[in-house]
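Engineer: My questions will all concern the structure given below.
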Amino acid sequence: MTRWSTSGLGLLVLLIVAGWASTPDTAPAPGGITLREDDDLDGGVWLAAGFGFRGYATLYIAAPQVDIAKPDPGDAESIEWAKGVLRDALLSELGRSGVFRAVVARESDIRPGSRVLRFETAIIDYAKGGGAGRWFGGEFGLGQPMVKVRGVFKDGATQVCVFEARRRGESIGARLGGAFRSNRDIQREDIRDLAEDLTEYVQKISRR
């Protein structure tokens with residue numbers, strides 16, 4: 001076997017193991033519900049019968065949490081950073097949705113007596129990525145940062161919508177030029193994309 005074919009085979013194996021491998025299973029959705037496929041939310045979504053995101057004066061976005069069974073200690077700093085980026089992106093995109101009168105991140109900003117929809121999120125799977133991996137196989141997902149988010153909308157104590165969504169270097173720039181970009185630049189872009197897709201879903205349901 002030639003040197004080229006040997007190295008090529010090694011790269012192929014690396015891509016299969018590291019780039020295409022599925023992420024660890026995450027905990028089942030809360031409340032025993034079953035998530036269903038949706039064009040906007042790739043991880044699936046559940047919606048309570050008759051619920052449509054309408055009639056709420058305020059959407060309150062709680063601080064994102066982390067719910068990963070075995071987090072990599074080396075990812076801790078990046079996860080904390082991602083939590084802030086996620087909340088900012090959700091505030092920005094859902095604030096422009098036109099569905100809610102106000103979208104806030106502090107309970108003190110909720111007007112007394114207003115009807116409130118509470119939105120809780122958690123990062124349930126994560127990888128900070130690596131430029132070396134993207135150099136060799138970024139177009140196949142190798143080395144791309146990854147974040148998986150679960151969101152729960154609640155009316156009081158009752159959950160009315162649950163979704164999951166995952167992003168892993170989704171843009172053309174991340175796939176073809178990711179070796180020249182930072183992990184955080186790519187993940188910031190991914191989180192923004194996730195927030196945009198969620199907003200489109202909320203808008204779609206509210207128009208039914």
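Chain identifiers are assigned as A, B, and so on, following the order in which chains appear in the structure tokens; residues are numbered from 1 within each chain, and ligands are numbered from 1 in order of appearance.
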Can you pull out every residue within 12 Å of Glu164 of chain A, counting only C-alpha atoms, but drop anything in the same chain fewer than 3 positions away, and send it as number ranges by chain?
Structural biologist: A: 26-30, 34-38, 40-46, 120-125, 147-153, 161, 167, 194-195, 197-198
Engineer: Those residues you just picked out, can you put them in a file as an mmCIF file, in the first residue's frame with N, CA and C atoms?
Structural biologist:
```
data_model
loop_
_atom_site.group_PDB
_atom_site.id
_atom_site.type_symbol
_atom_site.label_atom_id
_atom_site.label_comp_id
_atom_site.auth_asym_id
_atom_site.auth_seq_id
_atom_site.Cartn_x
_atom_site.Cartn_y
_atom_site.Cartn_z
ATOM 1 N N THR A 26 -29.078 12.100 24.864
ATOM 2 C CA THR A 26 -29.414 13.032 25.933
ATOM 3 C C THR A 26 -30.666 12.540 26.650
ATOM 4 N N ALA A 27 -30.944 13.148 27.781
ATOM 5 C CA ALA A 27 -32.082 12.731 28.592
ATOM 6 C C ALA A 27 -33.380 12.897 27.810
ATOM 7 N N PRO A 28 -34.369 12.054 28.069
ATOM 8 C CA PRO A 28 -35.652 12.169 27.369
ATOM 9 C C PRO A 28 -36.321 13.500 27.666
ATOM 10 N N ALA A 29 -37.202 13.913 26.787
ATOM 11 C CA ALA A 29 -37.895 15.185 26.961
ATOM 12 C C ALA A 29 -38.709 15.172 28.250
ATOM 13 N N PRO A 30 -38.825 16.324 28.907
ATOM 14 C CA PRO A 30 -39.540 16.371 30.196
ATOM 15 C C PRO A 30 -41.025 16.089 30.053
ATOM 16 N N THR A 34 -43.430 13.259 23.542
ATOM 17 C CA THR A 34 -42.686 12.800 22.368
ATOM 18 C C THR A 34 -42.491 13.966 21.412
ATOM 19 N N LEU A 35 -41.239 14.241 21.067
ATOM 20 C CA LEU A 35 -40.952 15.322 20.126
ATOM 21 C C LEU A 35 -41.204 14.849 18.707
ATOM 22 N N ARG A 36 -41.739 15.724 17.897
ATOM 23 C CA ARG A 36 -42.030 15.397 16.504
ATOM 24 C C ARG A 36 -41.204 16.270 15.575
ATOM 25 N N GLU A 37 -40.915 15.756 14.412
ATOM 26 C CA GLU A 37 -40.079 16.477 13.450
ATOM 27 C C GLU A 37 -40.754 17.777 13.005
ATOM 28 N N ASP A 38 -39.901 18.762 12.735
ATOM 29 C CA ASP A 38 -40.388 20.043 12.228
ATOM 30 C C ASP A 38 -39.326 20.631 11.318
ATOM 31 N N ASP A 40 -38.358 23.663 10.982
ATOM 32 C CA ASP A 40 -37.564 24.721 11.600
ATOM 33 C C ASP A 40 -36.672 24.222 12.732
ATOM 34 N N LEU A 41 -37.118 23.167 13.423
ATOM 35 C CA LEU A 41 -36.394 22.698 14.615
ATOM 36 C C LEU A 41 -35.996 21.252 14.401
ATOM 37 N N ASP A 42 -34.722 21.033 14.083
ATOM 38 C CA ASP A 42 -34.269 19.723 13.628
ATOM 39 C C ASP A 42 -34.304 18.650 14.707
ATOM 40 N N GLY A 43 -34.255 19.051 15.982
ATOM 41 C CA GLY A 43 -34.284 18.049 17.048
ATOM 42 C C GLY A 43 -35.674 17.607 17.435
ATOM 43 N N GLY A 44 -36.687 18.298 16.938
ATOM 44 C CA GLY A 44 -38.068 17.940 17.232
ATOM 45 C C GLY A 44 -38.748 18.940 18.140
ATOM 46 N N VAL A 45 -40.078 18.885 18.150
ATOM 47 C CA VAL A 45 -40.855 19.831 18.935
ATOM 48 C C VAL A 45 -42.151 19.175 19.399
ATOM 49 N N TRP A 46 -42.636 19.626 20.539
ATOM 50 C CA TRP A 46 -43.941 19.217 21.065
ATOM 51 C C TRP A 46 -44.705 20.471 21.413
ATOM 52 N N GLU A 120 -37.598 28.637 29.297
ATOM 53 C CA GLU A 120 -36.407 28.080 29.922
ATOM 54 C C GLU A 120 -35.612 27.289 28.897
ATOM 55 N N THR A 121 -34.293 27.439 28.918
ATOM 56 C CA THR A 121 -33.442 26.694 27.988
ATOM 57 C C THR A 121 -32.317 26.003 28.748
ATOM 58 N N ALA A 122 -31.798 24.945 28.132
ATOM 59 C CA ALA A 122 -30.641 24.243 28.700
ATOM 60 C C ALA A 122 -29.787 23.712 27.566
ATOM 61 N N ILE A 123 -28.491 23.826 27.723
ATOM 62 C CA ILE A 123 -27.560 23.195 26.790
ATOM 63 C C ILE A 123 -27.445 21.740 27.213
ATOM 64 N N ILE A 124 -27.825 20.810 26.340
ATOM 65 C CA ILE A 124 -27.868 19.396 26.714
ATOM 66 C C ILE A 124 -26.783 18.563 26.026
ATOM 67 N N ASP A 125 -26.029 19.158 25.128
ATOM 68 C CA ASP A 125 -24.876 18.497 24.535
ATOM 69 C C ASP A 125 -23.968 19.585 23.977
ATOM 70 N N VAL A 147 -23.435 22.534 19.536
ATOM 71 C CA VAL A 147 -24.277 22.852 20.678
ATOM 72 C C VAL A 147 -25.675 22.302 20.412
ATOM 73 N N LYS A 148 -26.236 21.660 21.428
ATOM 74 C CA LYS A 148 -27.608 21.168 21.350
ATOM 75 C C LYS A 148 -28.382 21.792 22.499
ATOM 76 N N VAL A 149 -29.531 22.352 22.164
ATOM 77 C CA VAL A 149 -30.320 23.113 23.135
ATOM 78 C C VAL A 149 -31.711 22.508 23.274
ATOM 79 N N ARG A 150 -32.177 22.435 24.513
ATOM 80 C CA ARG A 150 -33.582 22.101 24.769
ATOM 81 C C ARG A 150 -34.258 23.346 25.327
ATOM 82 N N GLY A 151 -35.441 23.651 24.818
ATOM 83 C CA GLY A 151 -36.198 24.794 25.305
ATOM 84 C C GLY A 151 -37.573 24.362 25.771
ATOM 85 N N VAL A 152 -38.046 24.986 26.836
ATOM 86 C CA VAL A 152 -39.373 24.695 27.381
ATOM 87 C C VAL A 152 -40.099 26.012 27.617
ATOM 88 N N PHE A 153 -41.253 26.172 26.982
ATOM 89 C CA PHE A 153 -42.109 27.322 27.236
ATOM 90 C C PHE A 153 -43.147 26.905 28.271
ATOM 91 N N CYS A 161 -44.878 24.103 25.322
ATOM 92 C CA CYS A 161 -44.081 23.822 24.126
ATOM 93 C C CYS A 161 -42.687 23.391 24.557
ATOM 94 N N ARG A 167 -26.838 22.454 16.464
ATOM 95 C CA ARG A 167 -26.083 23.110 15.408
ATOM 96 C C ARG A 167 -24.609 22.696 15.520
ATOM 97 N N LEU A 194 -29.823 29.149 15.173
ATOM 98 C CA LEU A 194 -30.799 28.414 15.982
ATOM 99 C C LEU A 194 -31.896 29.357 16.477
ATOM 100 N N ALA A 195 -31.504 30.526 16.974
ATOM 101 C CA ALA A 195 -32.483 31.491 17.480
ATOM 102 C C ALA A 195 -33.400 31.983 16.365
ATOM 103 N N ASP A 197 -34.255 30.281 13.642
ATOM 104 C CA ASP A 197 -35.166 29.194 13.289
ATOM 105 C C ASP A 197 -36.267 29.036 14.330
ATOM 106 N N LEU A 198 -35.921 29.183 15.606
ATOM 107 C CA LEU A 198 -36.940 29.111 16.647
ATOM 108 C C LEU A 198 -37.955 30.242 16.480
#
```
Engineer: From the DSSP assignment of the backbone, select every residue of segment 51-188 of chain A that is alpha helix (DSSP H), and format the answer as a PyMOL selection string.
Structural biologist: chain A and resi 76-95+131-137+172-177+183-188
Engineer: Could you check the closest approach to Arg207 of chain A for each of A:Ala127, A:Val99, A:Ile186, A:Gly32 and tell me which residue wins, using only C-alpha atoms?
Structural biologist: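 Among A:Ala127, A:Val99, A:Ile186, A:Gly32, it is A:Val99 that comes nearest to Arg207 of chain A.
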Engineer: Can you tell me, as a ChimeraX atom specification, what residues are no more than 12 Å from Arg192 of chain A when counting only C-alpha atoms, ignoring any on the same chain fewer than 3 positions away?
Structural biologist: /A:82,84-94,147,166-167,169-171,184-189,195-199
Engineer: Using atom CA of Ile33 of chain A and atom CA of Ser114 of chain A as the two end points, give the distance in Å to one decimal.
Structural biologist: 28.7 Å
Engineer: Tell me, in Å to one decimal, how far atom CA of Ile79 of chain A is from atom CA of Phe53 of chain A.
Structural biologist: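 Straight-line distance from atom CA of Ile79 of chain A to atom CA of Phe53 of chain A works out to 29.1 Å.
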